[in-house]
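Engineer: Next up, model-v1.pdb (PDB, C-alpha atoms).
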ATOM      1  CA  MET J   1       0.000   0.000   0.000
ATOM      2  CA  SER J   2       1.319   3.440  -0.902
ATOM      3  CA  THR J   3      -0.371   6.644   0.141
ATOM      4  CA  ASN J   4      -0.522   9.656  -2.158
ATOM      5  CA  LEU J   5       1.167  12.027   0.257
ATOM      6  CA  GLU J   6       4.026  13.122  -1.964
ATOM      7  CA  GLY J   7       2.463  16.509  -2.590
ATOM      8  CA  GLU J   8       2.323  17.399   1.093
ATOM      9  CA  ALA J   9       5.931  18.526   1.160
ATOM     10  CA  ASP J  10       5.492  20.484   4.359
ATOM     11  CA  GLY J  11       7.509  18.372   6.796
ATOM     12  CA  THR J  12       4.473  17.897   9.094
ATOM     13  CA  MET J  13       3.202  14.571   7.725
ATOM     14  CA  MET J  14       2.059  12.424  10.629
ATOM     15  CA  CYS J  15       1.732   9.100   8.789
ATOM     16  CA  CYS J  16       4.065   6.840   6.853
ATOM     17  CA  ALA J  17       4.386   7.906   3.213
ATOM     18  CA  SER J  18       4.534   4.258   2.137
ATOM     19  CA  CYS J  19       1.985   2.289   4.175
ATOM     20  CA  GLY J  20      -0.054   5.084   5.769
ATOM     21  CA  THR J  21       0.622   4.013   9.366
ATOM     22  CA  ALA J  22      -0.096   6.908  11.698
ATOM     23  CA  GLU J  23       2.352   8.046  14.357
ATOM     24  CA  VAL J  24       1.221   6.881  17.798
ATOM     25  CA  ASP J  25       2.952   6.274  21.118
ATOM     26  CA  ASP J  26       4.474   2.951  20.108
ATOM     27  CA  ILE J  27       5.218   3.941  16.484
ATOM     28  CA  LYS J  28       7.671   6.749  15.839
ATOM     29  CA  LEU J  29       8.068   8.010  12.291
ATOM     30  CA  LYS J  30      11.434   9.072  10.913
ATOM     31  CA  THR J  31      11.721  11.993   8.493
ATOM     32  CA  CYS J  32      13.485  11.629   5.150
ATOM     33  CA  THR J  33      16.880  13.214   5.858
ATOM     34  CA  ALA J  34      17.256  14.620   2.341
ATOM     35  CA  CYS J  35      13.985  16.458   1.668
ATOM     36  CA  LYS J  36      12.467  16.694   5.183
ATOM     37  CA  SER J  37       9.063  16.304   3.477
ATOM     38  CA  VAL J  38       7.891  12.760   4.189
ATOM     39  CA  ARG J  39       8.104  10.265   7.049
ATOM     40  CA  TYR J  40       8.421   6.519   7.295
ATOM     41  CA  CYS J  41       7.616   3.973   9.993
ATOM     42  CA  SER J  42      10.482   1.657   9.017
ATOM     43  CA  VAL J  43      13.509   1.264   6.781
ATOM     44  CA  LYS J  44      11.512  -1.328   4.819
ATOM     45  CA  CYS J  45       8.800   1.217   3.968
ATOM     46  CA  GLN J  46      11.404   3.818   3.043
ATOM     47  CA  LYS J  47      13.073   1.418   0.600
ATOM     48  CA  GLU J  48       9.742   0.371  -0.925
ATOM     49  CA  HIS J  49       8.757   4.006  -1.438
ATOM     50  CA  ARG J  50      12.140   5.056  -2.824
ATOM     51  CA  LEU J  51      11.336   4.787  -6.539
ATOM     52  CA  GLN J  52       8.112   6.781  -6.139
ATOM     53  CA  HIS J  53       9.747   9.385  -3.920
ATOM     54  CA  LYS J  54      13.142   9.739  -5.590
ATOM     55  CA  ARG J  55      12.389  12.530  -8.075
ATOM     56  CA  ALA J  56      10.388  14.714  -5.670
ATOM     57  CA  CYS J  57      12.975  14.099  -2.948
ATOM     58  CA  LYS J  58      15.848  15.234  -5.141
ATOM     59  CA  LYS J  59      13.939  18.342  -6.234
ATOM     60  CA  ARG J  60      12.949  19.343  -2.694
ATOM     61  CA  ALA J  61      16.442  18.650  -1.344
ATOM     62  CA  ALA J  62      17.882  20.981  -3.994
ATOM     63  CA  GLU J  63      15.343  23.657  -3.028
ATOM     64  CA  LEU J  64      16.252  23.374   0.644
ATOM     65  CA  HIS J  65      19.942  23.566  -0.228
ATOM     66  CA  ASP J  66      19.429  26.728  -2.284
ATOM     67  CA  GLU J  67      17.403  28.340   0.496
ATOM     68  CA  ILE J  68      20.438  28.015   2.741
ATOM     69  CA  LEU J  69      22.999  28.792   0.046
ATOM     70  CA  PHE J  70      21.385  32.017  -1.154
ATOM     71  CA  LYS J  71      20.537  33.454   2.262
ATOM     72  CA  GLN J  72      22.254  36.806   2.814
ATOM     73  CA  PRO J  73      24.690  36.561   5.771
ATOM     74  CA  GLU J  74      24.407  39.335   8.350
ATOM     75  CA  ARG J  75      28.149  39.955   8.204
ATOM     76  CA  SER J  76      31.303  38.511   6.690
ATOM     77  CA  TYR J  77      32.981  35.452   8.150
ATOM     78  CA  LEU J  78      35.542  37.708   9.832
ATOM     79  CA  GLY J  79      32.908  39.143  12.157
ATOM     80  CA  ASP J  80      33.546  42.144  14.400
ATOM     81  CA  CYS J  81      36.605  43.364  16.237
ATOM     82  CA  PRO J  82      36.078  42.191  19.846
ATOM     83  CA  ILE J  83      37.392  45.507  21.201
ATOM     84  CA  CYS J  84      35.515  48.217  19.276
ATOM     85  CA  CYS J  85      32.738  45.862  18.066
ATOM     86  CA  LEU J  86      32.888  47.267  14.526
ATOM     87  CA  PRO J  87      32.931  44.923  11.504
ATOM     88  CA  LEU J  88      36.407  43.863  10.456
ATOM     89  CA  SER J  89      37.603  44.948   7.028
ATOM     90  CA  LEU J  90      37.868  42.307   4.298
ATOM     91  CA  ASP J  91      41.408  43.625   3.790
ATOM     92  CA  LYS J  92      43.324  41.375   6.172
ATOM     93  CA  SER J  93      46.221  43.825   6.325
ATOM     94  CA  GLU J  94      43.919  46.006   8.436
ATOM     95  CA  SER J  95      43.687  43.513  11.296
ATOM     96  CA  THR J  96      45.904  41.183  13.324
ATOM     97  CA  MET J  97      45.349  37.757  14.837
ATOM     98  CA  MET J  98      46.631  37.598  18.414
ATOM     99  CA  SER J  99      48.607  34.400  18.995
ATOM    100  CA  CYS J 100      47.649  34.215  22.675
ATOM    101  CA  CYS J 101      43.852  34.103  22.258
ATOM    102  CA  SER J 102      43.284  33.827  18.478
ATOM    103  CA  LYS J 103      41.183  36.981  18.517
ATOM    104  CA  ILE J 104      41.348  39.094  15.366
ATOM    105  CA  ILE J 105      41.860  42.729  16.375
ATOM    106  CA  CYS J 106      41.482  45.692  14.027
ATOM    107  CA  ASN J 107      44.572  47.857  13.524
ATOM    108  CA  GLY J 108      42.807  50.799  15.141
ATOM    109  CA  CYS J 109      42.408  49.003  18.469
ATOM    110  CA  ALA J 110      45.833  47.364  18.236
ATOM    111  CA  CYS J 111      47.577  50.692  17.603
ATOM    112  CA  SER J 112      45.600  52.454  20.350
ATOM    113  CA  ASN J 113      46.622  49.728  22.772
ATOM    114  CA  ASP J 114      50.292  49.957  21.766
ATOM    115  CA  LEU J 115      50.231  53.743  22.094
ATOM    116  CA  ARG J 116      48.783  53.559  25.601
ATOM    117  CA  MET J 117      51.352  50.966  26.620
ATOM    118  CA  PHE J 118      54.141  53.177  25.288
ATOM    119  CA  GLN J 119      52.865  56.351  26.958
ATOM    120  CA  GLU J 120      52.443  54.620  30.313
ATOM    121  CA  LYS J 121      55.764  52.795  29.906
ATOM    122  CA  LEU J 122      54.113  49.396  30.258
ATOM    123  CA  GLU J 123      55.028  46.083  28.681
ATOM    124  CA  LEU J 124      53.132  45.367  25.473
ATOM    125  CA  THR J 125      50.131  43.123  26.017
ATOM    126  CA  CYS J 126      47.290  41.719  23.952
ATOM    127  CA  PRO J 127      44.461  44.283  23.690
ATOM    128  CA  PHE J 128      41.923  41.538  24.400
ATOM    129  CA  CYS J 129      43.272  39.015  26.916
ATOM    130  CA  ARG J 130      46.140  41.146  28.313
ATOM    131  CA  ASN J 131      48.738  38.419  27.988
ATOM    132  CA  LEU J 132      52.249  39.679  27.258
ATOM    133  CA  ASP J 133      53.223  39.880  23.613
ATOM    134  CA  PRO J 134      55.486  36.995  22.491
ATOM    135  CA  GLU J 135      59.165  37.894  22.454
ATOM    136  CA  SER J 136      60.029  35.657  19.509
ATOM    137  CA  LYS J 137      58.546  33.772  16.566
ATOM    138  CA  GLU J 138      59.085  30.537  18.461
ATOM    139  CA  GLU J 139      57.036  31.804  21.398
ATOM    140  CA  GLU J 140      54.349  33.057  19.029
ATOM    141  CA  ILE J 141      54.039  29.630  17.377
ATOM    142  CA  LYS J 142      53.999  27.983  20.801
ATOM    143  CA  ASN J 143      51.056  30.202  21.785
ATOM    144  CA  ILE J 144      49.175  29.335  18.614
ATOM    145  CA  MET J 145      49.766  25.610  19.130
ATOM    146  CA  LYS J 146      48.266  25.916  22.605
ATOM    147  CA  ARG J 147      45.137  27.272  20.959
ATOM    148  CA  VAL J 148      45.227  24.419  18.422
ATOM    149  CA  GLU J 149      45.236  21.919  21.298
ATOM    150  CA  LEU J 150      42.029  23.586  22.493
ATOM    151  CA  ASN J 151      40.421  22.927  19.088
ATOM    152  CA  ASP J 152      40.489  26.582  18.064
ATOM    153  CA  PRO J 153      39.782  26.632  14.274
ATOM    154  CA  VAL J 154      41.275  30.123  13.848
ATOM    155  CA  ALA J 155      44.581  28.907  15.282
ATOM    156  CA  MET J 156      44.436  25.748  13.163
ATOM    157  CA  LEU J 157      43.993  27.783   9.997
ATOM    158  CA  GLN J 158      46.874  30.056  10.974
ATOM    159  CA  ILE J 159      49.152  27.024  11.422
ATOM    160  CA  SER J 160      47.917  25.697   8.079
ATOM    161  CA  PHE J 161      49.039  28.891   6.346
ATOM    162  CA  ARG J 162      52.425  28.762   8.060
ATOM    163  CA  ARG J 163      52.952  25.110   7.134
ATOM    164  CA  TYR J 164      51.996  25.886   3.545
ATOM    165  CA  ARG J 165      54.491  28.756   3.305
ATOM    166  CA  SER J 166      57.224  26.466   4.636
ATOM    167  CA  GLY J 167      56.420  23.851   2.000
ATOM    168  CA  ASP J 168      54.808  21.315   4.347
ATOM    169  CA  TYR J 169      51.666  20.849   2.257
ATOM    170  CA  ASP J 170      50.477  17.674   3.973
ATOM    171  CA  ASP J 171      50.394  19.360   7.385
ATOM    172  CA  ALA J 172      48.844  22.471   5.844
ATOM    173  CA  PHE J 173      46.035  20.360   4.418
ATOM    174  CA  ALA J 174      45.532  18.449   7.669
ATOM    175  CA  TYR J 175      45.183  21.570   9.816
ATOM    176  CA  ALA J 176      42.856  23.266   7.327
ATOM    177  CA  ASN J 177      40.749  20.111   7.174
ATOM    178  CA  LYS J 178      40.412  20.023  10.969
ATOM    179  CA  ALA J 179      39.419  23.685  11.067
ATOM    180  CA  ALA J 180      36.842  23.165   8.295
ATOM    181  CA  ALA J 181      35.362  20.238  10.214
ATOM    182  CA  LEU J 182      34.797  22.683  13.086
ATOM    183  CA  GLY J 183      32.819  24.944  10.747
ATOM    184  CA  ASP J 184      35.361  27.691  10.037
ATOM    185  CA  ALA J 185      34.429  29.466   6.785
ATOM    186  CA  GLY J 186      38.001  30.546   6.093
ATOM    187  CA  ALA J 187      39.153  26.951   6.440
ATOM    188  CA  HIS J 188      36.443  25.763   4.048
ATOM    189  CA  TYR J 189      37.713  28.264   1.482
ATOM    190  CA  ARG J 190      41.271  27.050   2.023
ATOM    191  CA  MET J 191      40.135  23.455   1.504
ATOM    192  CA  ALA J 192      38.432  24.486  -1.738
ATOM    193  CA  MET J 193      41.739  25.926  -2.933
ATOM    194  CA  PHE J 194      43.573  22.710  -2.061
ATOM    195  CA  TYR J 195      41.127  20.677  -4.152
ATOM    196  CA  HIS J 196      41.279  23.259  -6.939
ATOM    197  CA  GLU J 197      45.075  23.361  -7.097
ATOM    198  CA  GLY J 198      45.619  19.657  -6.449
ATOM    199  CA  GLN J 199      48.465  20.149  -3.990
ATOM    200  CA  CYS J 200      48.995  17.207  -1.587
ATOM    201  CA  VAL J 201      45.574  15.976  -2.684
ATOM    202  CA  GLU J 202      44.027  15.035  -6.037
ATOM    203  CA  LYS J 203      42.000  17.709  -7.801
ATOM    204  CA  ASP J 204      38.332  17.194  -7.035
ATOM    205  CA  GLY J 205      35.712  19.527  -8.478
ATOM    206  CA  LYS J 206      32.893  18.165  -6.316
ATOM    207  CA  LYS J 207      34.815  18.616  -3.080
ATOM    208  CA  GLU J 208      35.984  22.045  -4.207
ATOM    209  CA  LEU J 209      32.374  23.055  -4.837
ATOM    210  CA  TYR J 210      31.247  21.661  -1.478
ATOM    211  CA  HIS J 211      33.840  23.665   0.453
ATOM    212  CA  LEU J 212      33.187  26.809  -1.591
ATOM    213  CA  GLU J 213      29.489  26.570  -0.789
ATOM    214  CA  GLN J 214      30.138  25.972   2.917
ATOM    215  CA  ALA J 215      32.477  28.958   2.992
ATOM    216  CA  ALA J 216      29.937  31.125   1.158
ATOM    217  CA  ILE J 217      27.174  30.118   3.563
ATOM    218  CA  GLY J 218      29.507  31.112   6.391
ATOM    219  CA  GLY J 219      29.926  34.614   4.954
ATOM    220  CA  HIS J 220      33.122  34.274   2.890
ATOM    221  CA  PRO J 221      32.760  36.827   0.055
ATOM    222  CA  LYS J 222      35.679  35.520  -2.028
ATOM    223  CA  ALA J 223      34.170  32.030  -2.000
ATOM    224  CA  ARG J 224      30.820  33.526  -2.971
ATOM    225  CA  TYR J 225      32.470  35.474  -5.797
ATOM    226  CA  ASN J 226      34.154  32.308  -7.079
ATOM    227  CA  LEU J 227      30.805  30.527  -7.107
ATOM    228  CA  GLY J 228      29.308  33.407  -9.059
ATOM    229  CA  VAL J 229      32.078  33.323 -11.652
ATOM    230  CA  GLU J 230      31.716  29.544 -12.014
ATOM    231  CA  GLU J 231      27.948  29.812 -12.480
ATOM    232  CA  MET J 232      28.432  32.583 -15.038
ATOM    233  CA  ASN J 233      30.929  30.469 -16.967
ATOM    234  CA  ASN J 234      28.410  27.618 -16.982
ATOM    235  CA  GLY J 235      25.661  29.871 -18.370
ATOM    236  CA  ARG J 236      23.575  29.911 -15.175
ATOM    237  CA  THR J 237      23.416  33.688 -15.070
ATOM    238  CA  GLY J 238      20.523  33.914 -12.599
ATOM    239  CA  ARG J 239      22.403  31.954  -9.947
ATOM    240  CA  ALA J 240      25.613  33.816 -10.744
ATOM    241  CA  VAL J 241      23.999  37.202 -10.177
ATOM    242  CA  LYS J 242      22.541  36.049  -6.851
ATOM    243  CA  HIS J 243      26.002  35.052  -5.649
ATOM    244  CA  LEU J 244      27.572  38.312  -6.788
ATOM    245  CA  ILE J 245      24.880  40.425  -5.132
ATOM    246  CA  ILE J 246      25.334  38.622  -1.810
ATOM    247  CA  ALA J 247      29.126  39.053  -1.938
ATOM    248  CA  ALA J 248      28.867  42.714  -2.948
ATOM    249  CA  LYS J 249      26.555  43.419  -0.016
ATOM    250  CA  LEU J 250      29.295  42.084   2.267
ATOM    251  CA  GLY J 251      31.638  44.747   0.898
ATOM    252  CA  HIS J 252      33.432  42.695  -1.778
ATOM    253  CA  ASP J 253      34.787  45.034  -4.474
ATOM    254  CA  ASP J 254      35.417  42.434  -7.197
ATOM    255  CA  SER J 255      31.785  41.357  -7.002
ATOM    256  CA  VAL J 256      30.669  44.958  -7.555
ATOM    257  CA  ASP J 257      32.867  45.149 -10.669
ATOM    258  CA  ALA J 258      31.387  41.885 -11.952
ATOM    259  CA  LEU J 259      27.871  43.157 -11.288
ATOM    260  CA  LYS J 260      28.618  46.306 -13.287
ATOM    261  CA  ASP J 261      29.401  44.133 -16.289
ATOM    262  CA  SER J 262      26.257  42.069 -15.656
ATOM    263  CA  TYR J 263      24.183  45.240 -15.425
ATOM    264  CA  GLU J 264      25.566  46.474 -18.745
ATOM    265  CA  ASP J 265      24.675  43.100 -20.258
ATOM    266  CA  GLY J 266      21.107  43.397 -18.976
ATOM    267  CA  LEU J 267      21.425  40.579 -16.441
ATOM    268  CA  VAL J 268      20.717  42.780 -13.413
ATOM    269  CA  SER J 269      17.831  45.205 -13.031
ATOM    270  CA  LYS J 270      18.513  48.865 -12.294
ATOM    271  CA  GLU J 271      16.730  48.596  -8.942
ATOM    272  CA  ASP J 272      18.718  45.548  -7.808
ATOM    273  CA  PHE J 273      21.998  47.066  -8.954
ATOM    274  CA  ALA J 274      21.328  50.350  -7.148
ATOM    275  CA  ALA J 275      20.264  48.580  -3.952
ATOM    276  CA  THR J 276      23.398  46.431  -4.051
ATOM    277  CA  LEU J 277      25.650  49.461  -4.509
ATOM    278  CA  ARG J 278      24.067  51.136  -1.483
ATOM    279  CA  ALA J 279      24.471  47.988   0.607
ATOM    280  CA  HIS J 280      28.091  47.622  -0.509
ATOM    281  CA  GLN J 281      28.881  51.205   0.439
ATOM    282  CA  ALA J 282      27.195  50.746   3.818
ATOM    283  CA  ALA J 283      29.233  47.594   4.480
ATOM    284  CA  VAL J 284      32.482  49.383   3.630
ATOM    285  CA  GLU J 285      31.613  52.456   5.714
ATOM    286  CA  ALA J 286      30.739  50.255   8.698
ATOM    287  CA  THR J 287      34.374  49.112   8.868
ATOM    288  CA  LYS J 288      35.713  52.661   9.236
ATOM    289  CA  SER J 289      36.461  54.594  12.415
ATOM    290  CA  PRO J 290      38.751  57.479  13.482
ATOM    291  CA  GLN J 291      41.011  54.982  15.274
ATOM    292  CA  ARG J 292      41.357  52.810  12.189
ATOM    293  CA  GLU J 293      42.031  55.801   9.975
ATOM    294  CA  ALA J 294      44.730  57.008  12.384
ATOM    295  CA  ALA J 295      46.300  53.554  12.358
ATOM    296  CA  GLU J 296      46.341  53.567   8.558
ATOM    297  CA  GLU J 297      48.029  56.962   8.497
ATOM    298  CA  ALA J 298      50.613  55.766  11.009
ATOM    299  CA  ARG J 299      51.330  52.719   8.880
ATOM    300  CA  LYS J 300      51.970  54.885   5.826
ATOM    301  CA  GLU J 301      54.500  57.069   7.655
TER
END
Rewrite the structure of this file - the entire thing - as structure tokens.
Structural biologist:
Amino acid sequence: MSTNLEGEADGTMMCCASCGTAEVDDIKLKTCTACKSVRYCSVKCQKEHRLQHKRACKKRAAELHDEILFKQPERSYLGDCPICCLPLSLDKSESTMMSCCSKIICNGCACSNDLRMFQEKLELTCPFCRNLDPESKEEEIKNIMKRVELNDPVAMLQISFRRYRSGDYDDAFAYANKAAALGDAGAHYRMAMFYHEGQCVEKDGKKELYHLEQAAIGGHPKARYNLGVEEMNNGRTGRAVKHLIIAAKLGHDDSVDALKDSYEDGLVSKEDFAATLRAHQAAVEATKSPQREAAEEARKE
């Protein structure tokens, strides 16, 4: 017996999609993990219903995936500076990761802290946790490894970059993989690059795409931009534009440039393009402050 419940893709079905058995105290139904739309009383019923359900399941699963993929993140994966609570710039030269606590501090707060330490003739300390600054590269690495032992994905990714620069690609991959498994968007993007370049691992387009999508969902604008370019190259312009708009609203300049070309080609409406430009400008302005501007001027001197 097979019930005609396939059209009720609302995730609230209270009877087995295959045999129609209702959920009662002694019968617990399990939801299809892919589409979340139908339930089954047993593995046997799920297998029997598979052929009938397969097409609708695949379609609904893709819809659910896109709902997550194309949701606009509130902020970039870098988040806010924990001192001034302003969004961190996408330009990583404008912030510093502290080896003692793995916090990423904007240059404005870091410079203000250093200036105060100098004026009061105090030893330099971390602006966040107040631990003393490391006196050597060896001590700095030791601090980061302590954070790695605590399963800190930011520290793991930092070690991955350092291992990569030293030519230890296997270790670089391993640390990035661990950080990605902990949900770090930056690590997912790094993993995508490993699978794209084929260093210490075979090139794998599917795994590259998976990590790019996970990074994009986590608010990584470069990953989102790459997805947009790939979709554009494959002729899926609608999906490409969605990716570029999301990345541009996070303050990503290359995505704005790509959207300008898409607008000239008639792929983006005037209203959407204008709204994206305003959102991009707002995202960029949100990363600015007098302290950060002073730090930038000091760096140029």
Engineer: Care to translate the PyMOL selection byres ((chain J and resi 28) around 10) into actual residues of this file, as a list of chain:residue names?
Structural biologist: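 Output of the PyMOL selection byres ((chain J and resi 28) around 10): J:Met14, J:Cys15, J:Cys16, J:Thr21, J:Ala22, J:Glu23, J:Val24, J:Asp25, J:Asp26, J:Ile27, J:Leu29, J:Lys30, J:Thr31, J:Arg39, J:Tyr40, J:Cys41, J:Ser42.
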Engineer: Which residues come within 9 Å of region 266-281 of chain J, counting all atoms listed in the file, excluding same-chain residues fewer than 2 positions away, as a list of chain:residue names?
Structural biologist: J:Thr237, J:Gly238, J:Val241, J:Ile245, J:Ile246, J:Ala247, J:Ala248, J:Lys249, J:Leu250, J:Gly251, J:His252, J:Asp253, J:Val256, J:Leu259, J:Lys260, J:Asp261, J:Ser262, J:Tyr263, J:Glu264, J:Ala283, J:Val284, J:Glu285, J:Ala286
Engineer: Nearest to Cys111 (chain J) among J:Cys129, J:Leu124, J:Val43, J:Leu88, with distances taken over only C-alpha atoms: which residue is it?
Structural biologist: J:Leu124
Engineer: Given the file shown, determine the residues that the PyMOL selection byres ((chain J and resi 144) around 12) selects; report them as number ranges by chain.
Structural biologist: J: 97-103, 134, 137-143, 145-160, 162
Engineer: Find the residue from J:Asp257, J:Glu94, J:Ile217, J:Glu301 that sits nearest to Asp184 (chain J); use all atoms listed in the file when measuring.
Structural biologist: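 Smallest separation from Asp184 (chain J) among the options: J:Ile217.
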Engineer: Interatomic distance between CA of Ser136 (chain J) and CA of Ala179 (chain J)?
Structural biologist: 25.3 Å
Engineer: Which residue is closest to Leu244 (chain J)? Choose from J:Glu67, J:Glu197, J:Arg224, J:Glu231 and count all atoms listed in the file.
Structural biologist: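 When distances to Leu244 (chain J) are compared using all atoms listed in the file, the smallest one comes from J:Arg224.
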Engineer: Determine the nearest neighbour of Tyr77 (chain J) from the options J:His211, J:Lys58, J:Arg292, J:Lys222, counting all atoms listed in the file.
Structural biologist: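 Looking only at the distances to Tyr77 (chain J), the closest residue turns out to be J:Lys222.
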Engineer: Find the distance between CA of Ala192 (chain J) and CA of Ala216 (chain J) and write it in Å to one decimal.
Structural biologist: 11.2 Å
Engineer: Could you tell me which residues the PyMOL selection byres ((chain J and resi 190) around 12) grabs in this file, written as a ChimeraX atom specification?
Structural biologist: /J:156-158,160-161,164,172-180,184-189,191-197,199,207-212,214-215,220,222-223
Engineer: For CA of Glu230 (chain J) and CA of Asp66 (chain J), determine how far apart the two atoms are, in Å to one decimal place.
Structural biologist: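 That distance, rounded to one decimal, is 15.9 Å.
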Engineer: Emit as AutoDock Vina command-line options the padded axis-aligned box for all listed atoms of region 244-258 of chain J, 8 Å per side, with centre and edge lengths in Å to one decimal.
Structural biologist:
--center_x 30.1 --center_y 41.7 --center_z -4.8 --size_x 26.5 --size_y 22.8 --size_z 30.2
